[in-house]
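Trainee: What follows is a structure written as structure tokens; I'll ask about it next.
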Number of protein chains: 2
Amino acid sequence: MSKATEITVWESVQLEFIQKWRELGTAWGIPPAMAAIHGLLLSQADPVVTDEVMSILSLSRGSAHTQLQALVEWGLVYPVKSLGTRQMRYVAEKDAWQMMSCIARQRKKQELDPLLALEAWKGVRSENAVDLDAVRALDKTLDGILTQARAVDGVFERVLSEDERWWEQWLIRGLRRN
Amino acid sequence: MSKATEITVWESVQLEFIQKWRELGTAWGIPPAMAAIHGLLLSQADPVVTDEVMSILSLSRGSAHTQLQALVEWGLVYPVKSLGTRQMRYVAEKDAWQMMSCIARQRKKQELDPLLALEAWKGVRSENAVDLDAVRALDKTLDGILTQARAVDGVFERVLSEDERWWEQWLIRGLRRN
DNA sequence: ACATAGTTTCAATTTAAAATGAAAGTACTG
DNA sequence: CAGTACTTTCATTTTAAATTGAAACTATGT
């Protein structure tokens, strides 16, 4: 197999992967461009420059920039300052556990925290001393939800705060039992 | 406090809750109408009819119908056939643990299963005996991700399959430790 | 089997999210 | 302190998702 053929084979595998990753991203509620860039960087060993992202994925500069920023923000991608040029390069975190932590952290922030914020809303009523059957029933339902949310939050906090990966073993053990 | 005042107070609390729930839904990637209907049913003790949903939330019949179906599909809402009329009524599951299971199940289906499906894609290459450094590197990254995904999947399966709530206690214990 | 009350579907529209691209901003380089 | 090389921003456009509403459909009672 010639060098040129190798490149073609690899590129087709890579583009296929990026496509899969983009579709996956959609299912996860992640903007297509962001998922595609992440797919590109995940499948690429060495750092990549904005213009490469743009040309490989046919994205505008604005979109490439914004989504790269978001990926860095999430901690899924590291910006690397290359010496001699002020051009920024980007590499993806390849470690699966690390990746998952970033995503979990993000989701906690976006989904769990707003739910926990309902606590405050419920609190407003005890001040105003609203006392009706229907309101009490709603508050009871809400209590159940909040208790559960706090429990899940506790697990997230614990799992995400440890530098240790004690839970990695725990998860894998859980898997075996099935 | 007169009966009429009570109703007004309750209604304003309820509408406020529905609004909060709709916003929360948005953060969770749930269509606003679906979240609003769920909020209405969650805060309503007794079954509700499609036309009530429509008028209280100012939704079209089509939307109300489709989203109610989706909620039933998810298991978050039960359809109740009332005797004497063929009109369908709907009640929400109020138990927090039950609710969470439904949502978790849905997410597993939408997010985790597609990820696990990458296994098959990776398999294609061993058949075609593609052997390049770059491909091998990608497959290694992918292996890490898949291992992790399988572990998470195992936990989901286990938690969701038990009728027992052994993990309820476990979660709450986890919370206390923080 | 006709009328009525309710349900379901779906092409067309609306609304919200994401992408574009050009202009403005910033930092390095001689 | 230009001049260039790259980055950032943001008003506009595009695209995708959700909603509408009216027509088709189905079950039920007389």
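Identifiers in this document derive from the order of the structure tokens: chains are assigned A, B, ..., residues are numbered from 1 separately in each chain, and ligands are numbered from 1 in order of occurrence.
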Up to 10 Å from chain A, what residues of chain D turn up? Count only C-alpha atoms (C1' of nucleotides) and give them as a list in words.

Mentor: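 That gives the following set of residues: DA5, DC6, DT7, DT8, DT9 and DC10 of chain D.
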
Trainee: When the cut-off is 9 Å and we count only C-alpha atoms (C1' of nucleotides), which residues of chain C are near chain B, given as a short mmCIF file (atom, residue, chain, number, x, y, z; two decimals) with N, CA and C atoms (P, O5', C5', C4', C3', O3' and C1' of nucleotides), in the first residue's frame?

Mentor:
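Final output, saved to selection_4.cif:
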```cif
data_model
loop_
_atom_site.label_atom_id
_atom_site.label_comp_id
_atom_site.auth_asym_id
_atom_site.auth_seq_id
_atom_site.Cartn_x
_atom_site.Cartn_y
_atom_site.Cartn_z
P DA C 5 -71.92 16.21 20.36
"O5'" DA C 5 -70.79 15.52 21.24
"C5'" DA C 5 -70.92 14.16 21.69
"C4'" DA C 5 -69.52 13.60 21.83
"C3'" DA C 5 -68.48 14.66 22.22
"O3'" DA C 5 -67.68 14.11 23.25
"C1'" DA C 5 -67.79 13.53 20.26
P DG C 6 -66.53 14.95 23.96
"O5'" DG C 6 -65.24 14.26 23.37
"C5'" DG C 6 -64.99 12.87 23.65
"C4'" DG C 6 -64.04 12.39 22.62
"C3'" DG C 6 -62.66 13.04 22.68
"O3'" DG C 6 -61.74 12.09 23.21
"C1'" DG C 6 -63.42 12.69 20.46
P DT C 7 -60.19 12.40 23.26
"O5'" DT C 7 -59.63 11.78 21.91
"C5'" DT C 7 -59.80 10.40 21.65
"C4'" DT C 7 -59.13 10.07 20.33
"C3'" DT C 7 -57.64 10.36 20.29
"O3'" DT C 7 -57.02 9.14 19.88
"C1'" DT C 7 -58.71 11.32 18.41
P DT C 8 -55.44 8.99 19.97
"O5'" DT C 8 -55.01 9.35 18.48
"C5'" DT C 8 -55.51 8.54 17.41
"C4'" DT C 8 -55.12 9.19 16.09
"C3'" DT C 8 -53.64 9.52 15.94
"O3'" DT C 8 -53.15 8.68 14.90
"C1'" DT C 8 -55.02 11.28 15.15
P DT C 9 -51.61 8.73 14.45
"O5'" DT C 9 -51.65 9.75 13.24
"C5'" DT C 9 -52.52 9.48 12.15
"C4'" DT C 9 -52.43 10.61 11.14
"C3'" DT C 9 -51.00 11.01 10.76
"O3'" DT C 9 -50.96 10.98 9.34
"C1'" DT C 9 -52.26 12.93 11.35
#
```

Trainee: Write out as a ChimeraX atom specification each polymer residue whose atoms come within 12 Å of range 134-144 of chain A, counting only C-alpha atoms (C1' of nucleotides); drop sequence neighbours fewer than 6 positions from it.

Mentor: /A:115-126,150-151 /B:6-18,21,39-46,92-100

Trainee: Compile the contact shell of Ser58 in chain A as a CSV table (one decimal) with C-alpha atoms (C1' of nucleotides), in the first residue's frame: residues with an atom at most 12 Å away, counting only C-alpha atoms (C1' of nucleotides), same-chain residues fewer than 6 positions apart removed.

Mentor:
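What follows is the written file selection-v4.csv:
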```csv
chain,number,residue,atom,x,y,z
A,33,ALA,CA,-20.1,21.9,14.6
A,36,ALA,CA,-17.6,17.6,14.6
A,37,ILE,CA,-14.6,19.6,15.8
A,50,THR,CA,-8.2,26.8,13.3
A,51,ASP,CA,-7.7,27.0,9.6
A,52,GLU,CA,-7.3,23.2,9.3
A,64,ALA,CA,-14.8,27.1,14.3
C,19,DA,C1',-23.6,29.1,11.3
C,20,DT,C1',-21.8,32.6,8.4
```

Trainee: Just the helix (DSSP H, G or I) stuff from range 5-62 of chain A, please, per backbone DSSP, written as number ranges by chain.

Mentor: A: 5-27, 32-42, 50-57, 61-62

Trainee: Got a sec: who's within 9 Å of Pro31 in chain B, counting only C-alpha atoms (C1' of nucleotides), leaving out chain neighbours fewer than 3 positions off, as a ChimeraX atom specification?

Mentor: /B:22,25-26,28,34-36,67 /D:17-18

Trainee: Would you export the selected residues with C-alpha atoms (C1' of nucleotides) as a compact mmCIF listing (two decimals), in the first residue's frame, please?

Mentor:
```
# COMPACT_ATOMS: atom_id res chain seq x y z
CA ARG B 22 -40.96 24.64 31.22
CA GLY B 25 -37.38 21.36 30.46
CA THR B 26 -35.54 23.58 28.01
CA TRP B 28 -32.99 19.27 29.68
CA MET B 34 -44.09 18.77 26.61
CA ALA B 35 -42.47 20.23 29.72
CA ALA B 36 -45.38 22.60 30.29
CA GLN B 67 -46.82 15.81 23.66
C1' DA D 17 -37.14 21.81 15.70
C1' DA D 18 -41.52 22.61 17.38
```

Trainee: Return as a list in words the full set of residues in chain A whose backbone-based DSSP assignment is strand (DSSP E or B).

Mentor: Val48, Val49, Val77, Tyr78, Pro79, Val80, Lys81, Met88, Arg89, Tyr90, Val91 and Ala92 of chain A

Trainee: Considering only C-alpha atoms (C1' of nucleotides), return as a list in words whatever protein or nucleic-acid residues lie within 10 Å of DT20 in chain D, sequence-local ones (same chain, fewer than 6 positions apart) excluded.

Mentor: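 In the requested form, the answer reads Leu59, Ser60, Arg61, Gly62 and Ser63 of chain B; DA12, DT13 and DT14 of chain C.
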
Trainee: Write the selection just made, keeping C-alpha atoms (C1' of nucleotides), as a JSON list (two decimals), in the first residue's frame?

Mentor:
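Output file selection.json follows:
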```
[["chain", "number", "residue", "atom", "x", "y", "z"],
["B", 59, "LEU", "CA", -51.65, 25.04, 22.98],
["B", 60, "SER", "CA", -53.02, 23.73, 19.74],
["B", 61, "ARG", "CA", -54.81, 20.41, 19.74],
["B", 62, "GLY", "CA", -52.10, 18.84, 17.65],
["B", 63, "SER", "CA", -49.35, 19.84, 20.00],
["C", 12, "DA", "C1'", -47.59, 24.51, 6.25],
["C", 13, "DT", "C1'", -45.96, 27.95, 9.48],
["C", 14, "DT", "C1'", -43.61, 29.73, 13.32]]
```

Trainee: Skipping near chain neighbours, those fewer than 3 positions away, what residues fall within 10 Å of Gly75 in chain A using only C-alpha atoms (C1' of nucleotides), listed as a list in words?

Mentor: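 Once the adjacent positions are removed, what remains is Gln69, Ala70, Leu71, Val72, Tyr78, Pro79, Ala92, Glu93, Gln98, Met99, Ser101, Cys102, Ile103, Arg105 and Gln106 of chain A.
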
Trainee: Keeping only all heavy atoms, write the selected residues to a file as a short mmCIF file (atom, residue, chain, number, x, y, z; two decimals), in the first residue's frame.

Mentor:
```cif
data_model
loop_
_atom_site.label_atom_id
_atom_site.label_comp_id
_atom_site.auth_asym_id
_atom_site.auth_seq_id
_atom_site.Cartn_x
_atom_site.Cartn_y
_atom_site.Cartn_z
N GLN A 69 -13.68 27.43 21.38
CA GLN A 69 -13.72 28.07 22.69
C GLN A 69 -14.56 27.25 23.65
O GLN A 69 -14.18 27.00 24.79
CB GLN A 69 -14.31 29.48 22.59
CG GLN A 69 -13.47 30.49 21.87
CD GLN A 69 -12.16 30.77 22.56
OE1 GLN A 69 -11.21 30.00 22.41
NE2 GLN A 69 -12.12 31.84 23.31
N ALA A 70 -15.74 26.84 23.17
CA ALA A 70 -16.66 26.07 24.02
C ALA A 70 -15.99 24.77 24.46
O ALA A 70 -16.08 24.39 25.63
CB ALA A 70 -17.96 25.80 23.27
N LEU A 71 -15.31 24.10 23.53
CA LEU A 71 -14.65 22.84 23.86
C LEU A 71 -13.57 23.05 24.92
O LEU A 71 -13.41 22.24 25.83
CB LEU A 71 -14.07 22.19 22.61
CG LEU A 71 -15.10 21.56 21.67
CD1 LEU A 71 -14.50 21.29 20.30
CD2 LEU A 71 -15.65 20.27 22.27
N VAL A 72 -12.83 24.16 24.79
CA VAL A 72 -11.81 24.48 25.78
C VAL A 72 -12.48 24.76 27.13
O VAL A 72 -12.08 24.25 28.17
CB VAL A 72 -10.97 25.70 25.33
CG1 VAL A 72 -10.07 26.18 26.45
CG2 VAL A 72 -10.15 25.34 24.09
N TYR A 78 -7.56 21.19 24.81
CA TYR A 78 -6.55 22.09 25.37
C TYR A 78 -5.99 22.99 24.28
O TYR A 78 -5.66 22.52 23.20
CB TYR A 78 -5.40 21.28 25.98
CG TYR A 78 -5.88 20.29 27.02
CD1 TYR A 78 -5.83 18.93 26.77
CD2 TYR A 78 -6.39 20.74 28.24
CE1 TYR A 78 -6.27 18.01 27.73
CE2 TYR A 78 -6.83 19.84 29.20
CZ TYR A 78 -6.78 18.47 28.93
OH TYR A 78 -7.22 17.59 29.87
N PRO A 79 -5.88 24.28 24.57
CA PRO A 79 -5.22 25.19 23.63
C PRO A 79 -3.71 25.08 23.87
O PRO A 79 -3.28 25.03 25.02
CB PRO A 79 -5.73 26.56 24.04
CG PRO A 79 -6.16 26.43 25.47
CD PRO A 79 -6.36 24.98 25.77
N ALA A 92 -7.25 17.49 21.69
CA ALA A 92 -8.33 16.96 22.53
C ALA A 92 -7.77 16.12 23.65
O ALA A 92 -6.73 15.46 23.49
CB ALA A 92 -9.28 16.12 21.68
N GLU A 93 -8.43 16.14 24.79
CA GLU A 93 -8.18 15.19 25.85
C GLU A 93 -8.63 13.82 25.33
O GLU A 93 -9.76 13.66 24.89
CB GLU A 93 -8.99 15.59 27.08
CG GLU A 93 -9.05 14.56 28.19
CD GLU A 93 -7.67 14.28 28.77
OE1 GLU A 93 -7.10 15.21 29.34
OE2 GLU A 93 -7.18 13.14 28.63
N GLN A 98 -11.46 11.16 31.79
CA GLN A 98 -11.33 12.62 31.85
C GLN A 98 -12.45 13.28 31.04
O GLN A 98 -13.10 14.21 31.50
CB GLN A 98 -9.96 13.00 31.27
CG GLN A 98 -9.33 14.21 31.89
CD GLN A 98 -8.98 14.00 33.35
OE1 GLN A 98 -8.61 12.91 33.76
NE2 GLN A 98 -9.14 15.04 34.14
N MET A 99 -12.64 12.78 29.83
CA MET A 99 -13.68 13.27 28.94
C MET A 99 -15.04 13.23 29.60
O MET A 99 -15.79 14.21 29.61
CB MET A 99 -13.77 12.37 27.71
CG MET A 99 -13.21 12.94 26.46
SD MET A 99 -13.52 11.73 25.13
CE MET A 99 -15.32 11.78 25.03
N SER A 101 -15.79 13.07 32.72
CA SER A 101 -15.90 14.02 33.83
C SER A 101 -16.31 15.39 33.33
O SER A 101 -17.19 16.03 33.90
CB SER A 101 -14.57 14.16 34.57
OG SER A 101 -14.14 12.91 35.02
N CYS A 102 -15.64 15.83 32.27
CA CYS A 102 -15.96 17.15 31.71
C CYS A 102 -17.42 17.24 31.33
O CYS A 102 -18.10 18.23 31.63
CB CYS A 102 -15.10 17.41 30.47
SG CYS A 102 -13.36 17.60 30.83
N ILE A 103 -17.89 16.21 30.66
CA ILE A 103 -19.27 16.22 30.18
C ILE A 103 -20.23 16.17 31.36
O ILE A 103 -21.22 16.91 31.41
CB ILE A 103 -19.50 15.07 29.19
CG1 ILE A 103 -18.70 15.32 27.92
CG2 ILE A 103 -20.99 14.93 28.86
CD1 ILE A 103 -18.61 14.13 26.99
N ARG A 105 -19.70 17.15 34.42
CA ARG A 105 -19.64 18.44 35.11
C ARG A 105 -20.55 19.45 34.41
O ARG A 105 -21.31 20.17 35.04
CB ARG A 105 -18.21 18.96 35.07
CG ARG A 105 -17.68 19.42 36.40
CD ARG A 105 -16.25 19.90 36.24
NE ARG A 105 -15.31 18.81 35.97
CZ ARG A 105 -14.74 18.08 36.92
NH1 ARG A 105 -15.03 18.32 38.19
NH2 ARG A 105 -13.90 17.12 36.62
N GLN A 106 -20.45 19.48 33.10
CA GLN A 106 -21.24 20.40 32.29
C GLN A 106 -22.73 20.15 32.48
O GLN A 106 -23.52 21.07 32.65
CB GLN A 106 -20.84 20.20 30.84
CG GLN A 106 -21.04 21.39 29.97
CD GLN A 106 -20.27 22.59 30.46
OE1 GLN A 106 -19.20 22.48 31.07
NE2 GLN A 106 -20.84 23.77 30.26
#
```

Trainee: B:Ser55, B:Ser82, B:Gln19, B:Gln148: which is nearest chain A, counting only C-alpha atoms?

Mentor: B:Gln148

Trainee: What is the distance between C1' of DA1 in chain C and C1' of DT28 in chain D, in Å to one decimal?

Mentor: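 Between C1' of DA1 in chain C and C1' of DT28 in chain D the gap is 13.0 Å.
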